[in-house]
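Q: Dropping in data_21.json, with JSON, C-alpha atoms and all ligand atoms.
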[["chain", "number", "residue", "atom", "x", "y", "z"],
["A", 1, "MET", "CA", 37.05, 10.58, -2.12],
["A", 2, "THR", "CA", 34.07, 12.51, -0.76],
["A", 3, "GLN", "CA", 35.51, 16.01, -1.05],
["A", 4, "VAL", "CA", 37.65, 17.71, -3.65],
["A", 5, "PRO", "CA", 39.98, 20.57, -2.69],
["A", 6, "ALA", "CA", 39.23, 23.95, -4.25],
["A", 7, "ILE", "CA", 41.37, 24.74, -7.29],
["A", 8, "ASP", "CA", 43.11, 28.11, -7.01],
["A", 9, "PRO", "CA", 41.51, 30.40, -9.65],
["A", 10, "ARG", "CA", 44.80, 32.35, -9.91],
["A", 11, "LEU", "CA", 46.56, 29.35, -11.47],
["A", 12, "PRO", "CA", 46.94, 29.28, -15.26],
["A", 13, "LYS", "CA", 43.93, 27.61, -16.83],
["A", 14, "SER", "CA", 45.94, 24.67, -18.19],
["A", 15, "GLU", "CA", 47.22, 23.91, -14.66],
["A", 16, "ARG", "CA", 43.69, 24.09, -13.30],
["A", 17, "TYR", "CA", 42.58, 21.51, -15.84],
["A", 18, "THR", "CA", 45.52, 19.26, -14.88],
["A", 19, "LEU", "CA", 44.47, 19.41, -11.22],
["A", 20, "LEU", "CA", 40.85, 18.86, -12.18],
["A", 21, "LEU", "CA", 41.79, 15.78, -14.21],
["A", 22, "GLU", "CA", 43.31, 14.22, -11.07],
["A", 23, "GLN", "CA", 40.11, 14.96, -9.16],
["A", 24, "VAL", "CA", 37.99, 13.47, -11.93],
["A", 25, "LYS", "CA", 40.05, 10.25, -11.90],
["A", 26, "ALA", "CA", 39.63, 10.02, -8.12],
["A", 27, "LEU", "CA", 35.87, 10.60, -8.34],
["A", 28, "GLN", "CA", 35.27, 7.36, -10.28],
["A", 29, "ASP", "CA", 33.49, 5.10, -7.81],
["A", 30, "PRO", "CA", 32.46, 1.64, -9.06],
["A", 31, "VAL", "CA", 30.02, 1.26, -6.17],
["A", 32, "ALA", "CA", 28.17, 4.51, -6.90],
["A", 33, "GLY", "CA", 27.61, 3.79, -10.58],
["A", 34, "ALA", "CA", 27.39, 5.74, -13.79],
["A", 35, "TRP", "CA", 24.85, 8.45, -12.94],
["A", 36, "ALA", "CA", 26.58, 9.38, -9.71],
["A", 37, "ASN", "CA", 30.01, 9.41, -11.33],
["A", 38, "ALA", "CA", 28.82, 11.60, -14.22],
["A", 39, "GLY", "CA", 27.15, 13.95, -11.74],
["A", 40, "ASN", "CA", 30.28, 14.24, -9.65],
["A", 41, "ILE", "CA", 32.54, 14.87, -12.66],
["A", 42, "LEU", "CA", 30.23, 17.60, -13.94],
["A", 43, "ALA", "CA", 29.91, 19.14, -10.46],
["A", 44, "ALA", "CA", 33.70, 19.22, -10.02],
["A", 45, "LEU", "CA", 34.10, 20.87, -13.44],
["A", 46, "HIS", "CA", 31.22, 23.32, -12.97],
["A", 47, "PHE", "CA", 32.34, 24.62, -9.59],
["A", 48, "ALA", "CA", 36.08, 24.59, -10.36],
["A", 49, "PHE", "CA", 35.52, 27.25, -13.01],
["A", 50, "GLY", "CA", 32.24, 28.85, -11.93],
["A", 51, "PHE", "CA", 30.50, 28.19, -15.24],
["A", 52, "HIS", "CA", 26.86, 29.13, -15.88],
["A", 53, "TRP", "CA", 25.81, 25.71, -17.18],
["A", 54, "THR", "CA", 27.77, 22.45, -17.49],
["A", 55, "GLY", "CA", 26.23, 19.28, -18.84],
["A", 56, "CYS", "CA", 25.89, 16.52, -21.38],
["A", 57, "TYR", "CA", 23.53, 15.88, -24.24],
["A", 58, "LEU", "CA", 23.28, 12.22, -25.21],
["A", 59, "VAL", "CA", 23.01, 10.88, -28.77],
["A", 60, "ARG", "CA", 19.66, 9.13, -29.08],
["A", 61, "GLY", "CA", 18.84, 8.25, -32.69],
["A", 62, "ASP", "CA", 18.91, 11.40, -34.83],
["A", 63, "GLN", "CA", 18.84, 13.85, -31.94],
["A", 64, "LEU", "CA", 20.58, 14.86, -28.73],
["A", 65, "VAL", "CA", 18.67, 14.40, -25.48],
["A", 66, "LEU", "CA", 19.46, 16.20, -22.24],
["A", 67, "GLY", "CA", 21.61, 14.17, -19.86],
["A", 68, "PRO", "CA", 23.23, 14.94, -16.51],
["A", 69, "PHE", "CA", 24.00, 18.61, -15.86],
["A", 70, "GLN", "CA", 24.68, 21.35, -13.35],
["A", 71, "GLY", "CA", 22.94, 24.70, -13.71],
["A", 72, "PRO", "CA", 19.59, 26.18, -14.75],
["A", 73, "VAL", "CA", 16.82, 24.29, -16.55],
["A", 74, "ALA", "CA", 17.81, 23.51, -20.16],
["A", 75, "CYS", "CA", 16.18, 22.50, -23.44],
["A", 76, "THR", "CA", 15.71, 18.75, -23.68],
["A", 77, "THR", "CA", 16.22, 17.85, -27.35],
["A", 78, "ILE", "CA", 18.50, 19.15, -30.11],
["A", 79, "ALA", "CA", 18.49, 17.88, -33.71],
["A", 80, "PHE", "CA", 21.63, 16.69, -35.53],
["A", 81, "GLY", "CA", 23.45, 19.71, -36.97],
["A", 82, "ARG", "CA", 21.35, 22.24, -35.01],
["A", 83, "GLY", "CA", 22.72, 24.74, -32.50],
["A", 84, "VAL", "CA", 26.24, 24.58, -31.14],
["A", 85, "CYS", "CA", 25.70, 21.10, -29.71],
["A", 86, "GLY", "CA", 24.32, 19.60, -32.91],
["A", 87, "THR", "CA", 27.11, 21.26, -34.89],
["A", 88, "ALA", "CA", 29.85, 19.77, -32.67],
["A", 89, "TRP", "CA", 28.19, 16.36, -33.09],
["A", 90, "GLN", "CA", 27.97, 16.78, -36.88],
["A", 91, "ARG", "CA", 31.56, 18.05, -37.25],
["A", 92, "LYS", "CA", 32.87, 15.59, -34.65],
["A", 93, "GLU", "CA", 35.08, 18.35, -33.29],
["A", 94, "THR", "CA", 35.17, 20.87, -30.45],
["A", 95, "VAL", "CA", 33.31, 24.11, -31.21],
["A", 96, "ILE", "CA", 34.23, 27.34, -29.39],
["A", 97, "VAL", "CA", 31.71, 30.20, -29.55],
["A", 98, "PRO", "CA", 33.03, 33.53, -28.19],
["A", 99, "ASP", "CA", 29.64, 35.26, -28.64],
["A", 100, "VAL", "CA", 26.52, 33.11, -28.84],
["A", 101, "ASP", "CA", 24.56, 35.83, -30.66],
["A", 102, "ALA", "CA", 27.07, 35.67, -33.50],
["A", 103, "PHE", "CA", 26.66, 31.89, -33.98],
["A", 104, "PRO", "CA", 23.97, 31.17, -36.60],
["A", 105, "GLY", "CA", 21.35, 28.84, -35.16],
["A", 106, "HIS", "CA", 22.51, 29.07, -31.56],
["A", 107, "ILE", "CA", 19.83, 27.63, -29.27],
["A", 108, "ALA", "CA", 19.31, 29.94, -26.30],
["A", 109, "CYS", "CA", 18.33, 27.92, -23.25],
["A", 110, "SER", "CA", 19.23, 30.84, -20.97],
["A", 111, "SER", "CA", 19.37, 34.54, -21.76],
["A", 112, "LEU", "CA", 22.38, 34.75, -19.43],
["A", 113, "SER", "CA", 24.57, 32.57, -21.68],
["A", 114, "LYS", "CA", 27.09, 34.70, -23.59],
["A", 115, "SER", "CA", 29.75, 32.25, -24.76],
["A", 116, "GLU", "CA", 29.91, 28.50, -25.12],
["A", 117, "ILE", "CA", 32.10, 25.48, -25.82],
["A", 118, "VAL", "CA", 30.93, 22.03, -26.92],
["A", 119, "VAL", "CA", 33.19, 18.97, -26.94],
["A", 120, "PRO", "CA", 32.15, 15.67, -28.57],
["A", 121, "ILE", "CA", 32.34, 12.61, -26.31],
["A", 122, "LEU", "CA", 33.50, 9.47, -28.13],
["A", 123, "ASN", "CA", 33.17, 5.77, -27.37],
["A", 124, "ALA", "CA", 35.95, 3.21, -27.84],
["A", 125, "SER", "CA", 35.02, 2.99, -31.55],
["A", 126, "SER", "CA", 35.46, 6.78, -31.95],
["A", 127, "GLU", "CA", 31.72, 7.30, -32.44],
["A", 128, "VAL", "CA", 30.10, 10.40, -30.91],
["A", 129, "ILE", "CA", 27.87, 9.16, -28.07],
["A", 130, "ALA", "CA", 27.27, 12.53, -26.39],
["A", 131, "VAL", "CA", 28.53, 16.09, -26.20],
["A", 132, "LEU", "CA", 29.85, 18.07, -23.25],
["A", 133, "ASP", "CA", 28.30, 21.54, -23.35],
["A", 134, "ILE", "CA", 29.45, 24.46, -21.19],
["A", 135, "ASP", "CA", 27.92, 27.94, -21.10],
["A", 136, "SER", "CA", 29.46, 31.06, -19.60],
["A", 137, "ASP", "CA", 27.66, 34.24, -18.58],
["A", 138, "ALA", "CA", 30.61, 36.26, -19.99],
["A", 139, "TYR", "CA", 31.76, 36.74, -23.58],
["A", 140, "ASN", "CA", 35.03, 35.16, -24.82],
["A", 141, "THR", "CA", 35.38, 32.73, -21.91],
["A", 142, "PHE", "CA", 36.69, 29.73, -23.82],
["A", 143, "ASP", "CA", 39.94, 29.20, -25.74],
["A", 144, "GLU", "CA", 42.24, 26.39, -26.84],
["A", 145, "ASP", "CA", 43.30, 25.72, -23.21],
["A", 146, "ASP", "CA", 39.66, 24.93, -22.42],
["A", 147, "ALA", "CA", 39.34, 22.79, -25.53],
["A", 148, "ARG", "CA", 42.42, 20.70, -24.69],
["A", 149, "GLY", "CA", 41.55, 20.55, -20.96],
["A", 150, "LEU", "CA", 37.98, 19.44, -21.58],
["A", 151, "GLU", "CA", 39.05, 16.93, -24.25],
["A", 152, "SER", "CA", 41.27, 15.34, -21.56],
["A", 153, "LEU", "CA", 38.23, 14.95, -19.28],
["A", 154, "THR", "CA", 35.70, 13.50, -21.73],
["A", 155, "PRO", "CA", 37.21, 9.96, -21.76],
["A", 156, "TYR", "CA", 36.22, 9.76, -18.08],
["A", 157, "LEU", "CA", 32.65, 10.90, -18.81],
["A", 158, "ALA", "CA", 32.15, 8.50, -21.74],
["A", 159, "PRO", "CA", 31.79, 5.29, -19.66],
["A", 160, "CYS", "CA", 29.18, 6.99, -17.45],
["A", 161, "LEU", "CA", 26.82, 7.94, -20.29],
["A", 201, "LIG", "N1", 23.22, 26.56, -26.62],
["A", 201, "LIG", "C1", 23.13, 25.16, -26.98],
["A", 201, "LIG", "C2", 21.88, 24.54, -26.42],
["A", 201, "LIG", "C3", 22.05, 23.91, -25.09],
["A", 201, "LIG", "S1", 22.15, 24.98, -23.82],
["A", 201, "LIG", "O1", 23.29, 25.88, -24.01],
["A", 201, "LIG", "C4", 22.27, 24.21, -22.35],
["A", 201, "LIG", "C5", 23.18, 25.01, -28.49],
["A", 201, "LIG", "O2", 23.12, 25.99, -29.22],
["A", 201, "LIG", "O3", 23.29, 23.87, -28.95]]
Would it be possible to restate this file's structure as C-alpha cells?
A:
Amino acid sequence: MTQVPAIDPRLPKSERYTLLLEQVKALQDPVAGAWANAGNILAALHFAFGFHWTGCYLVRGDQLVLGPFQGPVACTTIAFGRGVCGTAWQRKETVIVPDVDAFPGHIACSSLSKSEIVVPILNASSEVIAVLDIDSDAYNTFDEDDARGLESLTPYLAPCL
C-alpha cells in the first residue's frame, strides 16, 4: 500500500481508530524495514487526527531517548519517572493529561502543546520498550476512546522499535 484513504473526521473516534488499525496493518512492509514502518504508522496516526506532535521515546538504560516522530522539534532525553512520558513508563500504564500545565513535572517541548496522552509500548515479555507520546494544541483532546484505540496500535509499533 502506498496511499491510505483519508478517515472521515465526522465518524465517532472509536470507528476512526478501527479504520486506522486496518491501515496500520496494511502499512507493514517487510522490504522497507523497521524505521520506514514506524514512520509510516506514526504518519498515518498523526494526519488521521491532526495532532500537534506524534512520536515515540525509546527506553535506553535509565532514560527515554527520542525515536521516530511527526511534528516539531522535540526534547531528546527524558529520565525515568519524569514528565508525562517518564510517568507512563514508571506506572506501565496509559496517562491522559487534559491540561499539561496542571500536570506536575510536565516537560514542555512546545508552548503550543495543551493536552497529551502517553501509552507504554510493550515487548513480548510485557516489558516497556518505548512510549507513544501524542500532543494536542487543544485542551481536553484525549479520552478513554483514544487510550483504547492507541493501545490497539502499539503492538504494531513495538516490532519496529
Ligand atoms: N511532554 C512530554 C515531553 C515530550 S514532548 O511532549 C514531545 C513529557 O512531559 O514527558
Q: Show which residues sit within 12 Å of stretch 5-22 of chain A, as a VMD selection string. Count only C-alpha atoms, and ignore same-chain residues fewer than 3 positions away.
A: chain A and resid 1 to 2 25 to 28 40 to 50 141 to 157
Q: Please identify all protein, DNA and RNA residues within 10 Å of ligand LIG 201 (chain A), counting all atoms listed in the file, and report them as a ChimeraX atom specification.
A: /A:52-57,64,66,69-89,97,100,103-111,113-118,131-136
Q: Looking at all atoms listed in the file, which of A:Ala38, A:Phe51, A:Val31, A:Glu93 is the one that sits closest to A:Ser126?
A: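 Checking each of A:Ala38, A:Phe51, A:Val31, A:Glu93 against A:Ser126, counting all atoms listed in the file, the winner is A:Glu93.
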Q: Go through A:Gln3, A:Cys160, A:Glu127, A:Arg60 one by one, measure the shortest atom-to-atom distance of each to A:Ala36 using all atoms listed in the file, and give the residue with the smallest value.
A: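 Nearest to A:Ala36: A:Cys160.
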Q: Quote the spacing between atom CA of A:Asn123 and atom CA of A:Val24 in Å to one decimal place.
A: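 Going from atom CA of A:Asn123 over to atom CA of A:Val24 covers 17.9 Å.
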Q: Just checking: using all atoms listed in the file, which residue out of A:Ser125, A:Gln63, A:Asn37, A:Asn140 ends up closest to A:Pro98?
A: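 Looking only at the distances to A:Pro98, the closest residue turns out to be A:Asn140.
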Q: Quick one, how far is atom CA of A:Leu122 from atom CA of A:Ile96?
A: 17.9 Å
Q: Of the candidates A:Gly39, A:Ala34, A:Pro159, A:Val95, which shows the shortest atom-to-atom distance to A:Val119, using only C-alpha atoms?
A: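 Of all the options, A:Val95 lies closest to A:Val119.
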Q: Between atom CA of A:Gly61 and atom CA of A:Pro30, what is the spacing in Å?
A: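 Atom-to-atom, atom CA of A:Pro30 and atom CA of A:Gly61 are spaced 28.1 Å apart.
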